[in-house]
Amino acid sequence: MGVMATQSGSGSTVAVASPEIHQDTTVKWFLLGAVGYFAIVGIVALIIAAKFVWPDFLGSIQYFTYGRMRPLHVNGMLFGWLLAADMGLAYYFVPRLCGVKLWSEKLGIATSILWNIIILSAVVTLLAGYQKGLEYADLPTPVAILVVIAWVMFGINIFATIATRKYVQMYVSTWYIMGTILWTAFVYLTGNFVTLLPDVTGVNQANLNWMYTHNAVGLIFTPAGLAVAYYFIPRTSNTPLFSHKLSMVGFWSLAFVYVWTGAHHMLHGPISQWLQTISIVFSIMLLIPVWAVVYNFIATMKGEWHQLNDNVSLKFLMSGTIFYLLTCFQGPMHSLRSVNAIVSKTDWIPGHAHMAVMGTFSFFAMAGVYYVIPRVFRTTLHSETLANWSFWLFLIGGLGMFTALWLGGFWQGWQWNNPAIPFIDTVVALKPVWIVRFFSGIMIFTGILLFLFNIFSTALSAGKTPAVSAGKAYTAPVNA
């Protein structure tokens, strides 16, 4: 079902487009592929976690060494699972928000095929040791070029759908997905191609790489994730969005602020003090879009919190909202020079990054997948019980891992700042943290397997069980 905000007097209304016009083949291909890659890359994540506890684990096999596993894990989760899931969900909600079918289902299917070629190529090349050695930009240049081509195909399809829309005013999810497409083009080209130019070396290359790395989260996965959340929170709760105006404040402040923050990863490094200060100031300013988003989501749920009892998508969405608040409080705080001197380059950073990518945006994506798959296959979810189990395993396992890495990273940073402590002693001291990380990872991976089984069982039951209600068409007030 589609949700579209249109002006009506002093407020807004939510109009729902008819679902019968939507073919959704592209949605199915992207989402099922993403869920499959989620499980495969989850195995890689467990191997990496095990290596921290048992360093010799699979160490004699070159394809399973840390230097090959880690880039595969990062790129597999970011592009194989999360971005593919966000693209699949965008193919679902953009046509519904526009009141028209997807501009070209054939182009969408071709994009899905190319995306799978990209992910499989990444698996082969990264395991074989072919990579650029740049954070988040590991993919060999030929594979990165394919990513650009696929993204252009995705952008053409989405923008053409929006251009043919029936509704004049665009709901905030449409704004965010358009921003995602444009910002990804800028960020990805910078991180994967500009950094390789002959004159871009040393500190300049490192600065551009961190600009890309930080903005991969902030200008690719953040707007894509917020587009998903802004659509599915009102949709799954059948509740109007609290404020369209506030959502626009969040959108434009994110667009203005985020691009300047990447250099806070290089504080106390060989870059200009003015650049460090700018990155700190804009990192603190990130609190503006974050509070706008979080307040809007929480206010939307006013009087509706009881729905979390039996609505697994809402459980993921609102837990992801809290993780988003925590993540974006941590980020500005560890951009302060005094805090950064302790936590930079420690295990605090992967704890922070995992809470953003897994705790926030993967939670949003899983909520969307749980909502969409039964509807595009016109069936019912295979098991609400398994869905709830997957949620609790993700939540408890995630909290265990995040907390262990935050505390361990802070402890690690204090030790690094004490020259009397040998470095190897700081490594040995973190073994209990890595044990907690490993067993938390087992819980998360179990949640992934339940998620995978539930989604594929739902898809395979198409035509065998009654279709889930798509939700009745309604017109509901939305606060201005």
# chains A, B, ... in the order shown; residues from 1 in each chain; ligands from 1
$ residues_around --residues "region 172-176 of chain A" --least-positions-apart "5" --cutoff "9 Å" --atoms "only C-alpha atoms" --output "mmCIF file with N, CA and C atoms, in the first residue's frame"
data_model
loop_
_atom_site.group_PDB
_atom_site.id
_atom_site.type_symbol
_atom_site.label_atom_id
_atom_site.label_comp_id
_atom_site.auth_asym_id
_atom_site.auth_seq_id
_atom_site.Cartn_x
_atom_site.Cartn_y
_atom_site.Cartn_z
ATOM 1 N N ALA A 5 1.668 12.102 1.437
ATOM 2 C CA ALA A 5 1.208 13.300 2.121
ATOM 3 C C ALA A 5 0.808 14.348 1.109
ATOM 4 N N ALA A 90 12.935 0.616 -1.629
ATOM 5 C CA ALA A 90 12.633 1.835 -2.389
ATOM 6 C C ALA A 90 11.807 1.505 -3.626
ATOM 7 N N PHE A 93 8.232 1.244 -2.085
ATOM 8 C CA PHE A 93 7.441 2.362 -1.577
ATOM 9 C C PHE A 93 7.401 3.589 -2.482
ATOM 10 N N VAL A 94 8.414 3.790 -3.332
ATOM 11 C CA VAL A 94 8.380 4.975 -4.195
ATOM 12 C C VAL A 94 7.191 4.943 -5.157
ATOM 13 N N LEU A 97 4.074 5.724 -3.158
ATOM 14 C CA LEU A 97 3.984 7.123 -2.754
ATOM 15 C C LEU A 97 3.640 8.026 -3.929
ATOM 16 N N CYS A 98 3.956 7.579 -5.133
ATOM 17 C CA CYS A 98 3.684 8.372 -6.330
ATOM 18 C C CYS A 98 2.354 8.024 -6.975
ATOM 19 N N ILE A 162 9.213 8.965 -10.094
ATOM 20 C CA ILE A 162 8.795 10.185 -9.392
ATOM 21 C C ILE A 162 8.303 11.243 -10.389
ATOM 22 N N ILE A 181 20.198 8.921 -3.705
ATOM 23 C CA ILE A 181 20.718 8.672 -5.054
ATOM 24 C C ILE A 181 21.768 9.706 -5.438
ATOM 25 N N PRO A 223 20.303 8.416 4.856
ATOM 26 C CA PRO A 223 19.076 8.837 4.162
ATOM 27 C C PRO A 223 18.257 7.668 3.635
ATOM 28 N N ALA A 224 18.934 6.609 3.174
ATOM 29 C CA ALA A 224 18.183 5.434 2.708
ATOM 30 C C ALA A 224 17.418 4.803 3.861
ATOM 31 N N GLY A 225 18.075 4.674 5.004
ATOM 32 C CA GLY A 225 17.422 4.092 6.172
ATOM 33 C C GLY A 225 16.281 4.944 6.690
ATOM 34 N N LEU A 226 16.469 6.265 6.695
ATOM 35 C CA LEU A 226 15.409 7.151 7.178
ATOM 36 C C LEU A 226 14.230 7.172 6.209
ATOM 37 N N ALA A 227 14.504 7.038 4.912
ATOM 38 C CA ALA A 227 13.413 6.917 3.940
ATOM 39 C C ALA A 227 12.552 5.707 4.263
ATOM 40 N N VAL A 228 13.227 4.597 4.587
ATOM 41 C CA VAL A 228 12.514 3.366 4.950
ATOM 42 C C VAL A 228 11.699 3.575 6.225
ATOM 43 N N ALA A 229 12.340 4.150 7.253
ATOM 44 C CA ALA A 229 11.651 4.324 8.534
ATOM 45 C C ALA A 229 10.484 5.293 8.427
ATOM 46 N N TYR A 230 10.660 6.389 7.696
ATOM 47 C CA TYR A 230 9.581 7.363 7.539
ATOM 48 C C TYR A 230 8.376 6.761 6.808
ATOM 49 N N TYR A 231 8.625 5.796 5.950
ATOM 50 C CA TYR A 231 7.503 5.136 5.274
ATOM 51 C C TYR A 231 6.843 4.097 6.172
ATOM 52 N N HIS A 244 5.166 16.685 9.012
ATOM 53 C CA HIS A 244 5.879 16.727 7.739
ATOM 54 C C HIS A 244 6.907 17.857 7.745
ATOM 55 N N SER A 247 9.984 16.797 9.499
ATOM 56 C CA SER A 247 10.751 15.844 8.687
ATOM 57 C C SER A 247 11.606 16.576 7.658
ATOM 58 N N MET A 248 11.113 17.702 7.158
ATOM 59 C CA MET A 248 11.897 18.492 6.209
ATOM 60 C C MET A 248 13.066 19.202 6.892
ATOM 61 N N PHE A 251 15.670 16.565 7.057
ATOM 62 C CA PHE A 251 16.258 16.283 5.747
ATOM 63 C C PHE A 251 17.276 17.339 5.338
#
$ closest_atom_pairs --of "region 356-399 of chain A" --to "region 458-466 of chain A" --cutoff "12 Å" --atoms "only C-alpha atoms" --output "tab-separated table"
residue	atom	partner	partner_atom	distance
A:Val369	CA	A:Thr458	CA	11.2
A:Tyr370	CA	A:Thr458	CA	9.7
A:Tyr371	CA	A:Thr458	CA	11.3
A:Val372	CA	A:Ala459	CA	10.7
A:Ile373	CA	A:Ala459	CA	7.0
A:Pro374	CA	A:Thr458	CA	6.5
A:Arg375	CA	A:Ala462	CA	9.8
A:Val376	CA	A:Ala459	CA	8.9
A:Phe377	CA	A:Ala462	CA	5.4
A:Arg378	CA	A:Ala462	CA	6.3
A:Thr379	CA	A:Ala462	CA	5.4
A:Thr380	CA	A:Pro466	CA	6.4
A:Leu381	CA	A:Thr458	CA	5.4
A:His382	CA	A:Thr458	CA	4.8
A:Ser383	CA	A:Thr458	CA	8.2
A:Glu384	CA	A:Thr458	CA	10.9
A:Leu386	CA	A:Thr458	CA	11.7
A:Ala387	CA	A:Thr458	CA	11.4
$ closest_residue --among "A:Leu83, A:Leu393, A:Lys101, A:Gly179" --to "Phe364 (chain A)" --atoms "only C-alpha atoms"
A:Leu83
$ select_by_dssp --residues "region 5-136 of chain A" --states "helix (DSSP H, G or I)" --output "number ranges by chain"
A: 19-21, 25-53, 62-64, 66-98, 105-127
$ closest_atom_pairs --of "region 304-360 of chain A" --to "region 273-288 of chain A" --cutoff "8 Å" --atoms "only C-alpha atoms" --output "Markdown table"
| residue | atom | partner | partner_atom | distance |
| --- | --- | --- | --- | --- |
| A:Cys328 | CA | A:Leu287 | CA | 7.0 |
| A:Phe329 | CA | A:Leu287 | CA | 7.1 |
| A:Gly331 | CA | A:Ser283 | CA | 7.1 |
| A:Pro332 | CA | A:Ile284 | CA | 4.8 |
| A:Met333 | CA | A:Ile284 | CA | 7.5 |
| A:Ser335 | CA | A:Ile280 | CA | 5.6 |
| A:Leu336 | CA | A:Ile280 | CA | 6.4 |
$ closest_residue --among "A:Tyr66, A:Phe242, A:Phe221, A:Phe453" --to "Ala84 (chain A)" --atoms "only C-alpha atoms"
A:Phe221
$ residues_around --residues "Phe57 (chain A)" --least-positions-apart "5" --cutoff "12 Å" --atoms "only C-alpha atoms" --output "list in words"
Leu46, Ile47, Ile48, Ala49, Ala50, Lys51, Phe52, Gln62, Phe64, Thr65 and Tyr66 of chain A
$ residues_around --residues "Ile109 (chain A)" --least-positions-apart "4" --cutoff "10 Å" --atoms "only C-alpha atoms" --output "MDAnalysis selection string"
chainID A and resid 24:30 104:105 113:115
$ write_last_selection --atoms "C-alpha atoms" --output "compact mmCIF listing (two decimals), in the first residue's frame"
# COMPACT_ATOMS: atom_id res chain seq x y z
CA ASP A 24 6.90 -5.96 -7.67
CA THR A 25 9.19 -8.45 -9.43
CA THR A 26 12.17 -6.16 -8.86
CA VAL A 27 11.25 -5.85 -5.19
CA LYS A 28 11.21 -9.63 -4.79
CA TRP A 29 14.56 -10.13 -6.53
CA PHE A 30 16.36 -7.45 -4.54
CA SER A 104 10.42 0.17 -15.81
CA GLU A 105 10.17 -3.28 -14.26
CA ILE A 113 20.95 -9.05 -12.09
CA LEU A 114 23.86 -6.61 -12.35
CA TRP A 115 23.86 -6.12 -8.59
$ closest_atom_pairs --of "region 288-357 of chain A" --to "region 211-217 of chain A" --cutoff "10 Å" --atoms "only C-alpha atoms" --output "tab-separated table"
residue	atom	partner	partner_atom	distance
A:Ala353	CA	A:Val217	CA	8.7
A:Ala356	CA	A:Val217	CA	7.9
A:Val357	CA	A:Val217	CA	7.6
$ write_last_selection --atoms "C-alpha atoms" --output "CSV table (one decimal), in the first residue's frame"
chain,number,residue,atom,x,y,z
A,353,ALA,CA,29.8,1.6,13.6
A,356,ALA,CA,24.7,2.4,13.3
A,357,VAL,CA,24.8,-0.2,10.4
